[in-house]
Every structure is written in C-alpha cells, then in structure tokens.
Amino acid sequence: MQKELLVEAIILFNKTAKELIELLAEKYNLDLNSSTPFTKLLTRSNDLWRGNVNKEWKYWFHGGHCEFENINSKQYLHVNITRCIYEVIDYFYLYKFVQTTESLKHILKIFTSEKMFYETIDKLFEDGILVNLEELPSKMLVLNDKPV
C-alpha cells in the first residue's frame with residue numbers, strides 16, 4: 001500500500017510539473033523541444049528568472065531547477081529542468097510536494113516520518129518502479145515507463 005500511495009504522489013507531481021512547464025512555455029513562447037528551452041528565463045539581466053506564471057502560480061529559476069508555488073494554497077513543486085526531463089524524483093522535494101498538496105494529505109497518515117517516505121522511494125527503485133537515468137552513485141530517478 002505504501003508503494004502504491006507513493007506512485008500516486010509521483011504521478012500527480014509529474015502531471016502538475018508538466019502542466020506548469022507548458023504554461024510557462026506558452027507565456028514566454030518557449031520551444032520545449034529545444035535542447036535549451038529556458039535560456040531566456042535563466043539570465044538575471046532580463047528579470048524573467050522569477051515571476052508569475054498566471055494568477056495562481058509563481059515561479060523562480062535557480063541552477064538546474066524551477067520552483068513553483070501556488071499563491072493561494074502554497075502547493076510547492078521543485079522541478080528539474082536539466083536535460084529537459086521534468087519528472088525527476090527528489091526525495092526532499094517530493095515529500096514537500098505531498099505535504100503541500102491537499103489531495104495527497106491522506107498519504108501523510110500512512111507515512112509517519114520523512115525517513116519512512118524516503119525508504120519507500122528506495123524500495124520503488126529496488127523494485128524497478130523507479131529507474132535511474134544517471135550512473136550510480138548519482139541519482140536522477142524517474143518512473144519506469146516499461147512494465148516491471
């Protein structure tokens with residue numbers, strides 16, 4: 001049950017991240033098929049590295065990531081933008097996403113500690129539900145799109 005709940009959270013994270021990246025791309029006329037679609041938003045000189053996506057979401061770029069926060073609900077996403085892969089699982093930030101997402105609050109009743117949450121991510125990796133796009137010991141975990 002723990003693993004299924006975590007996969008539910010990952011799927012919602014991926015869906016929300018994709019939607020927000022697409023809204024940002026639409027707003028700034030970005031070509032998401034480009035190898036460097038966020039170049040004009042990463043520079044500090046034009047002040048586009050931080051702002052509002054729309055009336056509900058604000059964003060800010062730093063390093064290889066873009067952070068999003070819902071202005072009203074405070075829902076939070078930390079999205080990897082390196083290699084144009086937005087579905088990368090970061091233990092800490094996935095946990096923060098679950099903590100700030102109203103529809104996922106039931107998950108926090110099962111995961112009674114952050115440690116338990118992280119250990120379940122490790123189990124998903126061990127079971128092949130998550131795959132690593134990097135060479136170990138580095139990790140760039142994403143959902144496995146092939147049946148296990």
# chains A, B, ... in the order shown; residues from 1 in each chain; ligands from 1
>>> residues_around(residues="Pro37 (chain A)", least_positions_apart="2", cutoff="12 Å", atoms="only C-alpha atoms", output="list in words")
Ile21, Glu22, Leu24, Ala25, Glu26, Tyr28, Asn29, Leu30, Asp31, Leu32, Asn33, Ser34, Ser35, Thr39, Lys40, Leu41, Leu42, Ile81, Thr82, Arg83, Cys84 and Ile85 of chain A
>>> residues_around(residues="Lys146 (chain A)", least_positions_apart="3", cutoff="12 Å", atoms="only C-alpha atoms", output="compact mmCIF listing (two decimals) with all heavy atoms, in the first residue's frame")
# COMPACT_ATOMS: atom_id res chain seq x y z
N GLY A 128 12.38 -1.63 -9.34
CA GLY A 128 12.35 -1.29 -10.76
C GLY A 128 11.18 -0.40 -11.15
O GLY A 128 10.98 -0.13 -12.33
N ILE A 129 10.42 0.10 -10.18
CA ILE A 129 9.31 1.01 -10.47
C ILE A 129 9.86 2.39 -10.79
O ILE A 129 9.32 3.12 -11.62
CB ILE A 129 8.31 1.04 -9.29
CG1 ILE A 129 7.69 -0.36 -9.14
CG2 ILE A 129 7.24 2.09 -9.49
CD1 ILE A 129 6.93 -0.58 -7.85
N LEU A 130 10.98 2.73 -10.16
CA LEU A 130 11.74 3.93 -10.50
C LEU A 130 13.04 3.47 -11.15
O LEU A 130 13.59 2.44 -10.78
CB LEU A 130 12.07 4.76 -9.25
CG LEU A 130 10.91 5.39 -8.50
CD1 LEU A 130 11.41 6.10 -7.25
CD2 LEU A 130 10.15 6.36 -9.39
N VAL A 131 13.50 4.24 -12.12
CA VAL A 131 14.78 3.94 -12.77
C VAL A 131 15.69 5.15 -12.63
O VAL A 131 15.23 6.28 -12.51
CB VAL A 131 14.61 3.55 -14.26
CG1 VAL A 131 13.88 2.23 -14.39
CG2 VAL A 131 13.89 4.64 -15.04
N VAL A 142 13.31 8.50 -12.12
CA VAL A 142 12.04 8.78 -12.77
C VAL A 142 11.22 7.49 -12.75
O VAL A 142 11.77 6.39 -12.58
CB VAL A 142 12.21 9.26 -14.24
CG1 VAL A 142 12.94 10.59 -14.29
CG2 VAL A 142 12.91 8.22 -15.08
N LEU A 143 9.92 7.63 -12.94
CA LEU A 143 9.08 6.44 -13.05
C LEU A 143 9.50 5.62 -14.25
O LEU A 143 9.77 6.17 -15.33
CB LEU A 143 7.61 6.83 -13.22
CG LEU A 143 6.78 7.02 -11.95
CD1 LEU A 143 5.37 7.48 -12.31
CD2 LEU A 143 6.75 5.81 -11.07
>>> closest_residue(among="A:Ile110, A:Ile71, A:Cys66, A:Thr43", to="Tyr93 (chain A)", atoms="only C-alpha atoms")
A:Cys66
>>> select_by_dssp(residues="chain A", states="strand (DSSP E or B)", output="number ranges by chain")
A: 50-52, 57-62, 65-70, 76-80, 89, 130-132, 141-143
>>> select_by_dssp(residues="region 31-113 of chain A", states="helix (DSSP H, G or I)", output="list of chain:residue names")
A:Thr39, A:Lys40, A:Leu41, A:Leu42, A:Thr82, A:Arg83, A:Cys84, A:Tyr91, A:Phe92, A:Tyr93, A:Leu94, A:Tyr95, A:Lys96, A:Phe97, A:Val98, A:Gln99, A:Thr100, A:Glu102, A:Ser103, A:Leu104, A:Lys105, A:His106, A:Ile107, A:Leu108, A:Lys109, A:Ile110
>>> residues_around(residues="Lys96 (chain A)", least_positions_apart="3", cutoff="9 Å", atoms="only C-alpha atoms", output="PyMOL selection string")
chain A and resi 75-78+91-93+99-101
>>> residues_around(residues="Val98 (chain A)", least_positions_apart="4", cutoff="10 Å", atoms="only C-alpha atoms", output="list in words")
Leu6, Ala9, Ile10, Leu12, Phe13, Gln75, Tyr76, Leu77, Tyr93, Leu94, Glu102, Ser103, Leu104, Lys105, His106, Ile107 and Leu108 of chain A
>>> atom_distance(atom1="CA of Tyr86 (chain A)", atom2="CA of Asn14 (chain A)")
7.2 Å
>>> decode(residues="region 40-56 of chain A", atoms="all heavy atoms", output="PDB file, in the first residue's frame")
ATOM      1  N   LYS A  40      16.305  32.075 -22.019  1.00  0.00           N
ATOM      2  CA  LYS A  40      15.941  33.478 -21.769  1.00  0.00           C
ATOM      3  C   LYS A  40      15.349  33.689 -20.380  1.00  0.00           C
ATOM      4  O   LYS A  40      15.280  34.813 -19.898  1.00  0.00           O
ATOM      5  CB  LYS A  40      15.013  34.018 -22.860  1.00  0.00           C
ATOM      6  CG  LYS A  40      13.578  33.575 -22.824  1.00  0.00           C
ATOM      7  CD  LYS A  40      12.824  34.263 -23.952  1.00  0.00           C
ATOM      8  CE  LYS A  40      11.383  33.850 -24.050  1.00  0.00           C
ATOM      9  NZ  LYS A  40      10.718  34.474 -25.176  1.00  0.00           N
ATOM     10  N   LEU A  41      14.964  32.614 -19.695  1.00  0.00           N
ATOM     11  CA  LEU A  41      14.428  32.748 -18.339  1.00  0.00           C
ATOM     12  C   LEU A  41      15.490  32.531 -17.268  1.00  0.00           C
ATOM     13  O   LEU A  41      15.252  32.824 -16.101  1.00  0.00           O
ATOM     14  CB  LEU A  41      13.278  31.749 -18.119  1.00  0.00           C
ATOM     15  CG  LEU A  41      12.080  31.898 -19.052  1.00  0.00           C
ATOM     16  CD1 LEU A  41      11.019  30.869 -18.703  1.00  0.00           C
ATOM     17  CD2 LEU A  41      11.501  33.292 -18.999  1.00  0.00           C
ATOM     18  N   LEU A  42      16.635  32.035 -17.644  1.00  0.00           N
ATOM     19  CA  LEU A  42      17.683  31.744 -16.661  1.00  0.00           C
ATOM     20  C   LEU A  42      18.585  32.938 -16.383  1.00  0.00           C
ATOM     21  O   LEU A  42      19.231  33.000 -15.350  1.00  0.00           O
ATOM     22  CB  LEU A  42      18.537  30.568 -17.139  1.00  0.00           C
ATOM     23  CG  LEU A  42      17.813  29.221 -17.170  1.00  0.00           C
ATOM     24  CD1 LEU A  42      18.683  28.167 -17.846  1.00  0.00           C
ATOM     25  CD2 LEU A  42      17.445  28.780 -15.774  1.00  0.00           C
ATOM     26  N   THR A  43      18.624  33.888 -17.288  1.00  0.00           N
ATOM     27  CA  THR A  43      19.504  35.038 -17.122  1.00  0.00           C
ATOM     28  C   THR A  43      18.918  36.026 -16.114  1.00  0.00           C
ATOM     29  O   THR A  43      17.714  36.252 -16.084  1.00  0.00           O
ATOM     30  CB  THR A  43      19.778  35.727 -18.469  1.00  0.00           C
ATOM     31  OG1 THR A  43      20.645  36.833 -18.240  1.00  0.00           O
ATOM     32  CG2 THR A  43      18.516  36.226 -19.143  1.00  0.00           C
ATOM     33  N   ARG A  44      19.762  36.563 -15.284  1.00  0.00           N
ATOM     34  CA  ARG A  44      19.306  37.544 -14.287  1.00  0.00           C
ATOM     35  C   ARG A  44      19.147  38.935 -14.907  1.00  0.00           C
ATOM     36  O   ARG A  44      18.460  39.778 -14.363  1.00  0.00           O
ATOM     37  CB  ARG A  44      20.295  37.624 -13.121  1.00  0.00           C
ATOM     38  CG  ARG A  44      20.428  36.349 -12.319  1.00  0.00           C
ATOM     39  CD  ARG A  44      19.131  36.056 -11.575  1.00  0.00           C
ATOM     40  NE  ARG A  44      19.291  35.076 -10.520  1.00  0.00           N
ATOM     41  CZ  ARG A  44      18.851  33.832 -10.592  1.00  0.00           C
ATOM     42  NH1 ARG A  44      18.277  33.398 -11.680  1.00  0.00           N
ATOM     43  NH2 ARG A  44      18.986  33.015  -9.581  1.00  0.00           N
ATOM     44  N   SER A  45      19.756  39.175 -16.057  1.00  0.00           N
ATOM     45  CA  SER A  45      19.771  40.516 -16.632  1.00  0.00           C
ATOM     46  C   SER A  45      18.404  40.976 -17.136  1.00  0.00           C
ATOM     47  O   SER A  45      18.132  42.167 -17.174  1.00  0.00           O
ATOM     48  CB  SER A  45      20.806  40.598 -17.760  1.00  0.00           C
ATOM     49  OG  SER A  45      20.453  39.710 -18.803  1.00  0.00           O
ATOM     50  N   ASN A  46      17.538  40.056 -17.523  1.00  0.00           N
ATOM     51  CA  ASN A  46      16.238  40.494 -18.051  1.00  0.00           C
ATOM     52  C   ASN A  46      15.105  40.362 -17.035  1.00  0.00           C
ATOM     53  O   ASN A  46      13.962  40.632 -17.336  1.00  0.00           O
ATOM     54  CB  ASN A  46      15.887  39.713 -19.323  1.00  0.00           C
ATOM     55  CG  ASN A  46      15.730  38.220 -19.066  1.00  0.00           C
ATOM     56  OD1 ASN A  46      15.637  37.782 -17.932  1.00  0.00           O
ATOM     57  ND2 ASN A  46      15.702  37.445 -20.131  1.00  0.00           N
ATOM     58  N   ASP A  47      15.431  39.925 -15.826  1.00  0.00           N
ATOM     59  CA  ASP A  47      14.462  39.807 -14.733  1.00  0.00           C
ATOM     60  C   ASP A  47      13.327  38.810 -14.991  1.00  0.00           C
ATOM     61  O   ASP A  47      12.288  38.891 -14.348  1.00  0.00           O
ATOM     62  CB  ASP A  47      13.860  41.171 -14.393  1.00  0.00           C
ATOM     63  CG  ASP A  47      14.340  41.676 -13.059  1.00  0.00           C
ATOM     64  OD1 ASP A  47      15.171  40.999 -12.425  1.00  0.00           O
ATOM     65  OD2 ASP A  47      13.883  42.749 -12.631  1.00  0.00           O
ATOM     66  N   LEU A  48      13.523  37.869 -15.919  1.00  0.00           N
ATOM     67  CA  LEU A  48      12.489  36.867 -16.184  1.00  0.00           C
ATOM     68  C   LEU A  48      12.717  35.590 -15.378  1.00  0.00           C
ATOM     69  O   LEU A  48      11.913  34.672 -15.449  1.00  0.00           O
ATOM     70  CB  LEU A  48      12.432  36.533 -17.682  1.00  0.00           C
ATOM     71  CG  LEU A  48      11.998  37.660 -18.600  1.00  0.00           C
ATOM     72  CD1 LEU A  48      12.041  37.192 -20.062  1.00  0.00           C
ATOM     73  CD2 LEU A  48      10.620  38.173 -18.241  1.00  0.00           C
ATOM     74  N   TRP A  49      13.776  35.518 -14.611  1.00  0.00           N
ATOM     75  CA  TRP A  49      14.092  34.307 -13.852  1.00  0.00           C
ATOM     76  C   TRP A  49      13.102  34.076 -12.721  1.00  0.00           C
ATOM     77  O   TRP A  49      13.022  32.990 -12.167  1.00  0.00           O
ATOM     78  CB  TRP A  49      15.518  34.366 -13.305  1.00  0.00           C
ATOM     79  CG  TRP A  49      15.732  35.436 -12.270  1.00  0.00           C
ATOM     80  CD1 TRP A  49      16.000  36.753 -12.496  1.00  0.00           C
ATOM     81  CD2 TRP A  49      15.677  35.275 -10.866  1.00  0.00           C
ATOM     82  NE1 TRP A  49      16.109  37.432 -11.321  1.00  0.00           N
ATOM     83  CE2 TRP A  49      15.915  36.540 -10.288  1.00  0.00           C
ATOM     84  CE3 TRP A  49      15.453  34.188 -10.025  1.00  0.00           C
ATOM     85  CZ2 TRP A  49      15.930  36.744  -8.911  1.00  0.00           C
ATOM     86  CZ3 TRP A  49      15.466  34.400  -8.659  1.00  0.00           C
ATOM     87  CH2 TRP A  49      15.708  35.672  -8.119  1.00  0.00           C
ATOM     88  N   ARG A  50      12.294  35.071 -12.415  1.00  0.00           N
ATOM     89  CA  ARG A  50      11.319  34.981 -11.332  1.00  0.00           C
ATOM     90  C   ARG A  50      10.094  35.791 -11.728  1.00  0.00           C
ATOM     91  O   ARG A  50      10.214  36.855 -12.305  1.00  0.00           O
ATOM     92  CB  ARG A  50      11.950  35.549 -10.067  1.00  0.00           C
ATOM     93  CG  ARG A  50      11.000  35.805  -8.971  1.00  0.00           C
ATOM     94  CD  ARG A  50      11.685  36.361  -7.731  1.00  0.00           C
ATOM     95  NE  ARG A  50      11.358  35.420  -6.691  1.00  0.00           N
ATOM     96  CZ  ARG A  50      12.152  34.955  -5.779  1.00  0.00           C
ATOM     97  NH1 ARG A  50      13.393  35.358  -5.723  1.00  0.00           N
ATOM     98  NH2 ARG A  50      11.751  34.093  -4.882  1.00  0.00           N
ATOM     99  N   GLY A  51       8.915  35.228 -11.445  1.00  0.00           N
ATOM    100  CA  GLY A  51       7.700  35.959 -11.758  1.00  0.00           C
ATOM    101  C   GLY A  51       6.465  35.106 -11.538  1.00  0.00           C
ATOM    102  O   GLY A  51       6.505  34.099 -10.827  1.00  0.00           O
ATOM    103  N   ASN A  52       5.393  35.499 -12.167  1.00  0.00           N
ATOM    104  CA  ASN A  52       4.141  34.757 -12.073  1.00  0.00           C
ATOM    105  C   ASN A  52       3.877  34.048 -13.389  1.00  0.00           C
ATOM    106  O   ASN A  52       4.004  34.646 -14.454  1.00  0.00           O
ATOM    107  CB  ASN A  52       2.972  35.683 -11.751  1.00  0.00           C
ATOM    108  CG  ASN A  52       3.051  36.225 -10.339  1.00  0.00           C
ATOM    109  OD1 ASN A  52       3.744  35.670  -9.484  1.00  0.00           O
ATOM    110  ND2 ASN A  52       2.360  37.311 -10.083  1.00  0.00           N
ATOM    111  N   VAL A  53       3.483  32.789 -13.281  1.00  0.00           N
ATOM    112  CA  VAL A  53       3.065  32.047 -14.466  1.00  0.00           C
ATOM    113  C   VAL A  53       1.684  32.564 -14.878  1.00  0.00           C
ATOM    114  O   VAL A  53       1.409  32.795 -16.046  1.00  0.00           O
ATOM    115  CB  VAL A  53       2.975  30.524 -14.169  1.00  0.00           C
ATOM    116  CG1 VAL A  53       2.477  29.767 -15.388  1.00  0.00           C
ATOM    117  CG2 VAL A  53       4.294  29.992 -13.697  1.00  0.00           C
ATOM    118  N   ASN A  54       0.831  32.720 -13.886  1.00  0.00           N
ATOM    119  CA  ASN A  54      -0.529  33.238 -14.055  1.00  0.00           C
ATOM    120  C   ASN A  54      -0.982  33.785 -12.699  1.00  0.00           C
ATOM    121  O   ASN A  54      -0.143  34.009 -11.829  1.00  0.00           O
ATOM    122  CB  ASN A  54      -1.469  32.140 -14.598  1.00  0.00           C
ATOM    123  CG  ASN A  54      -1.475  30.890 -13.724  1.00  0.00           C
ATOM    124  OD1 ASN A  54      -1.229  30.938 -12.514  1.00  0.00           O
ATOM    125  ND2 ASN A  54      -1.738  29.755 -14.343  1.00  0.00           N
ATOM    126  N   LYS A  55      -2.278  33.942 -12.506  1.00  0.00           N
ATOM    127  CA  LYS A  55      -2.775  34.499 -11.240  1.00  0.00           C
ATOM    128  C   LYS A  55      -2.675  33.503 -10.082  1.00  0.00           C
ATOM    129  O   LYS A  55      -2.791  33.899  -8.932  1.00  0.00           O
ATOM    130  CB  LYS A  55      -4.216  34.954 -11.399  1.00  0.00           C
ATOM    131  CG  LYS A  55      -4.367  36.148 -12.298  1.00  0.00           C
ATOM    132  CD  LYS A  55      -5.814  36.546 -12.451  1.00  0.00           C
ATOM    133  CE  LYS A  55      -5.911  37.730 -13.393  1.00  0.00           C
ATOM    134  NZ  LYS A  55      -7.289  38.137 -13.627  1.00  0.00           N
ATOM    135  N   GLU A  56      -2.437  32.234 -10.401  1.00  0.00           N
ATOM    136  CA  GLU A  56      -2.387  31.203  -9.361  1.00  0.00           C
ATOM    137  C   GLU A  56      -0.975  30.771  -8.977  1.00  0.00           C
ATOM    138  O   GLU A  56      -0.757  30.322  -7.851  1.00  0.00           O
ATOM    139  CB  GLU A  56      -3.153  29.959  -9.815  1.00  0.00           C
ATOM    140  CG  GLU A  56      -4.635  30.157  -9.941  1.00  0.00           C
ATOM    141  CD  GLU A  56      -5.315  28.884 -10.396  1.00  0.00           C
ATOM    142  OE1 GLU A  56      -4.950  27.802  -9.882  1.00  0.00           O
ATOM    143  OE2 GLU A  56      -6.190  28.970 -11.256  1.00  0.00           O
TER     144      GLU A  56
END
